[in-house]
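J.: Sharing structure-v8.cif below, mmCIF, C-alpha atoms:
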data_model
loop_
_atom_site.label_atom_id
_atom_site.label_comp_id
_atom_site.auth_asym_id
_atom_site.auth_seq_id
_atom_site.Cartn_x
_atom_site.Cartn_y
_atom_site.Cartn_z
CA PRO A 1347 -6.53 8.30 16.74
CA GLY A 1348 -4.22 5.49 17.79
CA ASP A 1349 -5.41 2.99 15.20
CA VAL A 1350 -2.78 0.92 13.44
CA LEU A 1351 -2.71 0.53 9.66
CA VAL A 1352 -2.53 -2.95 8.14
CA LEU A 1353 -1.85 -3.54 4.43
CA GLY A 1354 -3.01 -6.88 3.03
CA LYS A 1355 -1.04 -7.24 -0.23
CA PRO A 1356 2.41 -6.22 -1.40
CA LEU A 1357 2.87 -3.14 -3.58
CA GLY A 1358 4.25 -3.16 -7.11
CA ILE A 1359 1.56 -4.38 -9.51
CA GLY A 1360 1.66 -1.15 -11.54
CA ILE A 1361 5.45 -1.34 -11.82
CA LEU A 1362 5.24 -4.95 -13.03
CA SER A 1363 2.57 -3.97 -15.55
CA ALA A 1364 4.79 -1.15 -16.86
CA ALA A 1365 7.69 -3.60 -17.19
CA LEU A 1366 5.44 -6.04 -19.06
CA LYS A 1367 4.51 -3.33 -21.58
CA LYS A 1368 8.23 -2.60 -22.11
CA GLY A 1369 9.10 -6.29 -22.53
CA GLU A 1370 11.21 -6.23 -19.33
CA LEU A 1371 9.15 -8.52 -17.09
CA SER A 1372 10.45 -12.01 -16.34
CA PRO A 1373 8.14 -15.04 -16.35
CA GLU A 1374 8.45 -15.14 -12.52
CA GLY A 1375 7.49 -11.46 -12.31
CA TYR A 1376 4.50 -12.10 -14.55
CA ARG A 1377 3.34 -14.96 -12.31
CA ALA A 1378 3.75 -12.76 -9.21
CA MET A 1379 1.75 -9.97 -10.87
CA VAL A 1380 -1.10 -12.29 -11.86
CA ASP A 1381 -1.10 -14.08 -8.48
CA THR A 1382 -1.27 -10.80 -6.58
CA ALA A 1383 -3.90 -9.19 -8.82
CA THR A 1384 -6.17 -12.25 -8.86
CA ARG A 1385 -6.11 -12.84 -5.10
CA LEU A 1386 -9.51 -11.39 -4.27
CA ASN A 1387 -10.00 -9.30 -1.14
CA ALA A 1388 -12.86 -11.47 0.12
CA VAL A 1389 -11.32 -11.23 3.60
CA GLY A 1390 -12.86 -7.74 3.70
CA VAL A 1391 -16.28 -9.23 4.50
CA MET A 1392 -14.85 -10.84 7.64
CA LEU A 1393 -12.85 -7.73 8.58
CA GLY A 1394 -15.85 -5.43 8.12
CA ASP A 1395 -17.71 -7.31 10.85
CA MET A 1396 -14.74 -7.45 13.23
CA PRO A 1397 -14.92 -5.29 16.36
CA GLY A 1398 -12.16 -2.70 16.44
CA VAL A 1399 -11.93 -2.27 12.65
CA HIS A 1400 -12.76 1.38 11.96
CA ALA A 1401 -11.94 1.94 8.29
CA MET A 1402 -11.03 -0.09 5.24
CA THR A 1403 -10.34 0.63 1.57
CA ASP A 1404 -8.70 -1.14 -1.31
CA VAL A 1405 -5.48 0.33 -2.66
CA THR A 1406 -6.01 0.86 -6.39
CA GLY A 1407 -5.31 3.59 -8.93
CA PHE A 1408 -4.34 6.37 -6.51
CA GLY A 1409 -1.61 4.23 -4.95
CA LEU A 1410 -1.02 3.65 -1.25
CA LEU A 1411 -0.54 7.33 -0.41
CA GLY A 1412 -3.71 8.43 -2.21
CA HIS A 1413 -5.92 5.88 -0.55
CA LEU A 1414 -4.35 6.48 2.86
CA LEU A 1415 -5.08 10.19 2.44
CA GLU A 1416 -8.72 9.27 1.74
CA ILE A 1417 -8.91 7.49 5.09
CA GLY A 1418 -7.19 10.36 6.87
CA ARG A 1419 -9.44 12.99 5.31
CA GLY A 1420 -12.58 10.98 6.05
CA ALA A 1421 -11.57 10.53 9.69
CA GLY A 1422 -9.94 13.93 10.15
CA LEU A 1423 -6.65 12.28 11.18
CA ALA A 1424 -2.99 12.29 10.25
CA ALA A 1425 -1.27 9.09 9.12
CA ARG A 1426 2.26 7.89 9.64
CA ILE A 1427 3.79 4.97 7.73
CA ARG A 1428 7.18 3.28 7.80
CA VAL A 1429 8.57 2.80 4.30
CA ASP A 1430 10.77 -0.05 5.54
CA ALA A 1431 7.67 -1.95 6.70
CA LEU A 1432 5.97 -1.97 3.30
CA PRO A 1433 5.55 -5.33 1.59
CA VAL A 1434 6.75 -5.17 -2.03
CA ILE A 1435 6.66 -7.79 -4.78
CA GLY A 1436 10.32 -8.81 -5.20
CA GLU A 1437 10.74 -8.14 -8.90
CA ALA A 1438 8.82 -4.88 -8.62
CA LEU A 1439 11.36 -3.63 -6.07
CA ARG A 1440 14.24 -4.40 -8.41
CA LEU A 1441 12.46 -2.79 -11.36
CA VAL A 1442 11.43 0.42 -9.59
CA GLN A 1443 14.98 0.81 -8.27
CA ALA A 1444 16.14 0.50 -11.89
CA GLY A 1445 13.80 3.32 -12.94
CA VAL A 1446 10.71 1.45 -14.16
CA THR A 1447 7.58 3.33 -13.16
CA THR A 1448 4.18 4.37 -14.48
CA GLY A 1449 2.96 7.72 -15.72
CA ALA A 1450 0.13 7.47 -13.21
CA ALA A 1451 2.60 7.44 -10.29
CA GLY A 1452 3.81 10.88 -11.33
CA ARG A 1453 0.27 12.17 -11.82
CA ASN A 1454 -0.73 10.75 -8.45
CA TRP A 1455 2.15 12.56 -6.74
CA ALA A 1456 1.26 15.81 -8.52
CA SER A 1457 -2.31 15.57 -7.22
CA TYR A 1458 -1.61 14.83 -3.54
CA GLY A 1459 2.10 15.32 -2.87
CA HIS A 1460 1.37 18.59 -1.07
CA ALA A 1461 -0.27 16.53 1.71
CA VAL A 1462 2.65 14.11 2.15
CA ALA A 1463 5.85 14.60 4.14
CA LEU A 1464 8.67 12.44 2.82
CA PRO A 1465 11.98 11.95 4.65
CA THR A 1466 14.80 14.10 3.28
CA ASP A 1467 16.66 11.00 2.13
CA CYS A 1468 13.66 9.50 0.31
CA ALA A 1469 14.75 8.19 -3.08
CA GLU A 1470 12.65 8.87 -6.17
CA TRP A 1471 12.03 5.13 -6.57
CA GLN A 1472 10.53 5.01 -3.05
CA ARG A 1473 8.15 7.85 -3.87
CA ASN A 1474 7.19 6.10 -7.13
CA LEU A 1475 6.45 2.91 -5.20
CA LEU A 1476 4.25 4.78 -2.70
CA CYS A 1477 2.28 6.34 -5.60
CA ASP A 1478 2.23 3.20 -7.78
CA PRO A 1479 -1.30 2.51 -9.06
CA GLN A 1480 -2.41 -0.97 -8.08
CA THR A 1481 -4.77 -3.19 -10.04
CA SER A 1482 -6.67 -5.23 -7.47
CA GLY A 1483 -4.36 -4.00 -4.73
CA GLY A 1484 -4.53 -4.95 -1.11
CA LEU A 1485 -6.92 -3.82 1.54
CA LEU A 1486 -5.75 -1.03 3.81
CA VAL A 1487 -7.30 -1.46 7.26
CA ALA A 1488 -7.39 0.91 10.23
CA CYS A 1489 -8.04 -0.92 13.49
CA ASN A 1490 -7.37 -0.46 17.17
CA GLU A 1491 -4.27 -2.10 18.64
CA GLU A 1492 -6.38 -4.67 20.47
CA SER A 1493 -7.69 -5.97 17.11
CA GLU A 1494 -4.36 -5.90 15.24
CA ALA A 1495 -3.46 -9.55 15.87
CA ARG A 1496 -6.96 -10.72 14.86
CA VAL A 1497 -6.85 -8.62 11.68
CA LEU A 1498 -3.45 -10.03 10.71
CA ALA A 1499 -4.62 -13.58 11.53
CA ALA A 1500 -7.72 -13.13 9.33
CA PHE A 1501 -5.55 -12.00 6.42
CA ARG A 1502 -3.19 -14.94 6.84
CA ALA A 1503 -6.04 -17.44 7.17
CA GLN A 1504 -7.32 -16.22 3.77
CA GLY A 1505 -3.92 -16.60 2.03
CA PHE A 1506 -2.46 -13.11 2.51
CA ALA A 1507 0.88 -14.06 4.03
CA GLU A 1508 2.38 -10.64 3.24
CA ALA A 1509 -0.16 -8.72 5.36
CA VAL A 1510 1.69 -6.43 7.76
CA THR A 1511 1.25 -3.40 9.98
CA ILE A 1512 2.70 -0.37 8.18
CA GLY A 1513 1.89 2.57 10.43
CA SER A 1514 -0.73 4.38 12.47
CA LEU A 1515 -3.34 7.13 12.56
CA ASP A 1516 -2.93 10.04 14.96
CA ALA A 1517 -4.65 13.29 15.84
CA GLY A 1518 -3.74 16.06 13.44
CA GLU A 1519 -4.33 17.58 10.06
CA PRO A 1520 -5.13 14.95 7.39
CA ARG A 1521 -1.65 14.33 5.95
CA VAL A 1522 0.71 11.39 5.57
CA GLU A 1523 4.15 11.36 7.12
CA VAL A 1524 6.47 8.76 5.61
CA GLN A 1525 9.26 7.64 7.91
#
Kindly transcribe the structure held in the file into structure tokens.
T.:
Amino acid sequence: PGDVLVLGKPLGIGILSAALKKGELSPEGYRAMVDTATRLNAVGVMLGDMPGVHAMTDVTGFGLLGHLLEIGRGAGLAARIRVDALPVIGEALRLVQAGVTTGAAGRNWASYGHAVALPTDCAEWQRNLLCDPQTSGGLLVACNEESEARVLAAFRAQGFAEAVTIGSLDAGEPRVEVQ
């Protein structure tokens, strides 16, 4: 309890992939998708040896919420994230707001939505983004507050400029509260 949650890469790869399949992805969006997906999470080796890092997983097919629930269930803790803190690939944000999503996002929500508390004003596009399956998504790291600056510095030193703190882990039933 008390650990902060750091996400290493922006969300939206699944949305960009869906747009590509529909012929709606710009050349810039394609470059962003490939750049994000091919940036390997080699920083994980360094983070795994860092004092104060307590859990780490890559965000892939179950989306951010699914993988965060895995951490919470494994640790027996509740998670809280701030939707406004999430890094998102620019074109993916525009596309998801326009209704582009994946079938997997809906299936993901159906499988774990019962363990997630969304704000009453949460838009459908925000939920789809939180459930968006990532191909080679970012690392999700739980670390104590004393290690937060070192974790963020390690990400940035390895080329992950978008790495950011998105929330925290607290005592409680394994659930995710989105604020």
J.: Pull out every residue that the PyMOL selection byres ((chain A and resi 1445) around 10) matches in the shown coordinates and put them as a list in words.
T.: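 What the PyMOL selection byres ((chain A and resi 1445) around 10) grabs from the file is Ile1361, Arg1440, Leu1441, Val1442, Gln1443, Ala1444, Val1446, Thr1447, Thr1448, Glu1470, Trp1471 and Asn1474 of chain A.
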J.: Could you check which of A:Met1396, A:Met1402, A:Ala1451, A:Ala1378 is closest to A:Ala1488, using only C-alpha atoms?
T.: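 Of A:Met1396, A:Met1402, A:Ala1451, A:Ala1378, the one nearest A:Ala1488, counting only C-alpha atoms, is A:Met1402.
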J.: Run through the PyMOL selection byres ((chain A and resi 1515) around 12) on the given coordinates and return the selected residues as a ChimeraX atom specification.
T.: /A:1347-1352,1400-1401,1414-1415,1417-1427,1487-1491,1511-1514,1516-1523
J.: Just want the 10 Å neighbourhood of A:Thr1406, counted on all atoms listed in the file, with same-chain residues fewer than 3 positions away dropped. Output as a list in words.
T.: Ile1359, Gly1360, Thr1403, Gly1409, Leu1410, Gly1412, His1413, Cys1477, Asp1478, Pro1479, Gln1480, Thr1481, Ser1482, Gly1483, Gly1484 and Leu1485 of chain A
J.: Write out as a list in words the residues lying within 8 Å of A:Leu1393, counting all atoms listed in the file and excluding same-chain residues fewer than 5 positions away.
T.: Val1399, Val1497 and Ala1500 of chain A
J.: As a check of understanding, name the residues that the PyMOL selection byres ((chain A and resi 1437) around 9) selects in the supplied structure, as a ChimeraX atom specification.
T.: /A:1358,1362,1371-1372,1374-1375,1378,1434-1436,1438-1442
J.: Next, dump the selected residues to file, keeping only C-alpha atoms, as a short mmCIF file (atom, residue, chain, number, x, y, z; two decimals), in the coordinates of the input.
T.:
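And here is the file that came out, again-v8.cif:
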data_model
loop_
_atom_site.label_atom_id
_atom_site.label_comp_id
_atom_site.auth_asym_id
_atom_site.auth_seq_id
_atom_site.Cartn_x
_atom_site.Cartn_y
_atom_site.Cartn_z
CA GLY A 1358 4.25 -3.16 -7.11
CA LEU A 1362 5.24 -4.95 -13.03
CA LEU A 1371 9.15 -8.52 -17.09
CA SER A 1372 10.45 -12.01 -16.34
CA GLU A 1374 8.45 -15.14 -12.52
CA GLY A 1375 7.49 -11.46 -12.31
CA ALA A 1378 3.75 -12.76 -9.21
CA VAL A 1434 6.75 -5.17 -2.03
CA ILE A 1435 6.66 -7.79 -4.78
CA GLY A 1436 10.32 -8.81 -5.20
CA ALA A 1438 8.82 -4.88 -8.62
CA LEU A 1439 11.36 -3.63 -6.07
CA ARG A 1440 14.24 -4.40 -8.41
CA LEU A 1441 12.46 -2.79 -11.36
CA VAL A 1442 11.43 0.42 -9.59
#
J.: Kindly indicate which residue among A:Val1405, A:Val1380, A:Ala1507, A:Val1524 lies nearest to A:Thr1466, using only C-alpha atoms for the distances.
T.: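 Once distances to A:Thr1466 are computed over only C-alpha atoms, the minimum belongs to A:Val1524.
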J.: Check the smallest atom-to-atom distance from each of A:Met1392, A:Gln1472, A:Gly1369, A:Gly1452 to A:Ala1499 using only C-alpha atoms, then report the winner.
T.: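 Of A:Met1392, A:Gln1472, A:Gly1369, A:Gly1452, the one nearest A:Ala1499 is A:Met1392, counting only C-alpha atoms.
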J.: One number please: atom CA of A:Ala1503 to atom CA of A:Leu1486, in Å, one decimal.
T.: 16.8 Å
J.: Can you tell me which residues surround A:Arg1502 at a distance of at most 12 Å, considering only C-alpha atoms, apart from same-chain residues fewer than 4 positions away, and format the answer as a list in words?
T.: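 So, after excluding close chain neighbours, the residues are Leu1353, Gly1354, Lys1355, Asn1387, Val1389, Ala1495, Arg1496, Val1497, Leu1498, Phe1506, Ala1507, Glu1508, Ala1509 and Val1510 of chain A.
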J.: Separation of atom CA of A:Pro1433 and atom CA of A:Glu1494, in Å?
T.: 16.9 Å
J.: How big is the axis-aligned box, and where does its centre sit, when it encloses all atoms of stretch 1376-1386 of chain A listed in the file and has 4 Å added on every side, reported in Å to one decimal as JSON?
T.:
{"center_x": -2.5, "center_y": -12.1, "center_z": -9.4, "size_x": 22.0, "size_y": 13.8, "size_z": 18.3}
J.: Provide the atom CA of A:Pro1465 to atom CA of A:Leu1411 distance in Å, to one decimal place.
T.: 14.3 Å
J.: Closest to A:Ala1461 among A:Pro1356, A:Glu1370, A:Glu1416, A:Asp1395, using only C-alpha atoms?
T.: A:Glu1416
J.: Considering all atoms listed in the file, can you say which of A:Ser1363, A:Gln1504, A:Thr1384, A:Gln1525 comes closest to A:Asp1467?
T.: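 Looking at the shortest contact to A:Asp1467, the residue is A:Gln1525.
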J.: Reconstruct N, CA, C and O atoms of stretch 1360-1384 of chain A; output as a compact mmCIF listing (two decimals), in the frame of the given file.
T.:
# COMPACT_ATOMS: atom_id res chain seq x y z
N GLY A 1360 1.55 -2.12 -10.45
CA GLY A 1360 1.66 -1.15 -11.54
C GLY A 1360 3.04 -1.16 -12.17
O GLY A 1360 3.19 -1.06 -13.39
N ILE A 1361 4.06 -1.28 -11.33
CA ILE A 1361 5.45 -1.34 -11.82
C ILE A 1361 5.64 -2.58 -12.69
O ILE A 1361 6.24 -2.51 -13.76
N LEU A 1362 5.12 -3.72 -12.24
CA LEU A 1362 5.24 -4.95 -13.03
C LEU A 1362 4.50 -4.81 -14.35
O LEU A 1362 4.98 -5.26 -15.39
N SER A 1363 3.34 -4.17 -14.32
CA SER A 1363 2.57 -3.97 -15.55
C SER A 1363 3.34 -3.07 -16.53
O SER A 1363 3.37 -3.35 -17.73
N ALA A 1364 3.98 -2.03 -16.00
CA ALA A 1364 4.79 -1.15 -16.86
C ALA A 1364 5.95 -1.91 -17.47
O ALA A 1364 6.28 -1.74 -18.65
N ALA A 1365 6.58 -2.78 -16.68
CA ALA A 1365 7.69 -3.60 -17.19
C ALA A 1365 7.21 -4.57 -18.26
O ALA A 1365 7.90 -4.80 -19.26
N LEU A 1366 6.02 -5.13 -18.07
CA LEU A 1366 5.44 -6.04 -19.06
C LEU A 1366 5.26 -5.32 -20.39
O LEU A 1366 5.63 -5.84 -21.45
N LYS A 1367 4.73 -4.11 -20.35
CA LYS A 1367 4.51 -3.33 -21.58
C LYS A 1367 5.82 -3.00 -22.29
O LYS A 1367 5.84 -2.85 -23.51
N LYS A 1368 6.92 -2.90 -21.53
CA LYS A 1368 8.23 -2.60 -22.11
C LYS A 1368 9.01 -3.87 -22.48
O LYS A 1368 10.14 -3.78 -22.95
N GLY A 1369 8.42 -5.04 -22.23
CA GLY A 1369 9.10 -6.29 -22.53
C GLY A 1369 10.22 -6.61 -21.54
O GLY A 1369 11.12 -7.38 -21.87
N GLU A 1370 10.15 -6.05 -20.32
CA GLU A 1370 11.21 -6.23 -19.33
C GLU A 1370 10.80 -7.10 -18.15
O GLU A 1370 11.56 -7.21 -17.17
N LEU A 1371 9.64 -7.72 -18.21
CA LEU A 1371 9.15 -8.52 -17.09
C LEU A 1371 9.50 -9.99 -17.29
O LEU A 1371 9.22 -10.56 -18.34
N SER A 1372 10.09 -10.59 -16.28
CA SER A 1372 10.45 -12.01 -16.34
C SER A 1372 9.20 -12.87 -16.20
O SER A 1372 8.16 -12.39 -15.71
N PRO A 1373 9.28 -14.14 -16.57
CA PRO A 1373 8.14 -15.04 -16.35
C PRO A 1373 7.76 -15.14 -14.87
O PRO A 1373 6.58 -15.19 -14.53
N GLU A 1374 8.74 -15.09 -13.96
CA GLU A 1374 8.45 -15.14 -12.52
C GLU A 1374 7.72 -13.88 -12.09
O GLU A 1374 6.80 -13.92 -11.27
N GLY A 1375 8.15 -12.72 -12.62
CA GLY A 1375 7.49 -11.46 -12.31
C GLY A 1375 6.06 -11.44 -12.81
O GLY A 1375 5.16 -10.93 -12.13
N TYR A 1376 5.85 -12.02 -14.00
CA TYR A 1376 4.50 -12.10 -14.55
C TYR A 1376 3.60 -12.95 -13.65
O TYR A 1376 2.48 -12.56 -13.33
N ARG A 1377 4.12 -14.09 -13.21
CA ARG A 1377 3.34 -14.96 -12.31
C ARG A 1377 3.02 -14.24 -11.00
O ARG A 1377 1.91 -14.34 -10.48
N ALA A 1378 3.99 -13.50 -10.45
CA ALA A 1378 3.75 -12.76 -9.21
C ALA A 1378 2.69 -11.68 -9.41
O ALA A 1378 1.83 -11.46 -8.55
N MET A 1379 2.73 -11.01 -10.56
CA MET A 1379 1.75 -9.97 -10.87
C MET A 1379 0.34 -10.57 -10.95
O MET A 1379 -0.60 -10.07 -10.33
N VAL A 1380 0.21 -11.66 -11.70
CA VAL A 1380 -1.10 -12.29 -11.86
C VAL A 1380 -1.59 -12.87 -10.53
O VAL A 1380 -2.76 -12.68 -10.16
N ASP A 1381 -0.70 -13.51 -9.77
CA ASP A 1381 -1.10 -14.08 -8.48
C ASP A 1381 -1.60 -12.99 -7.54
O ASP A 1381 -2.63 -13.14 -6.89
N THR A 1382 -0.88 -11.88 -7.49
CA THR A 1382 -1.27 -10.80 -6.58
C THR A 1382 -2.57 -10.15 -7.03
O THR A 1382 -3.47 -9.91 -6.21
N ALA A 1383 -2.71 -9.87 -8.31
CA ALA A 1383 -3.90 -9.19 -8.82
C ALA A 1383 -5.15 -10.06 -8.76
O ALA A 1383 -6.26 -9.54 -8.62
N THR A 1384 -5.00 -11.38 -8.84
CA THR A 1384 -6.17 -12.25 -8.86
C THR A 1384 -6.54 -12.78 -7.48
O THR A 1384 -7.54 -13.48 -7.36
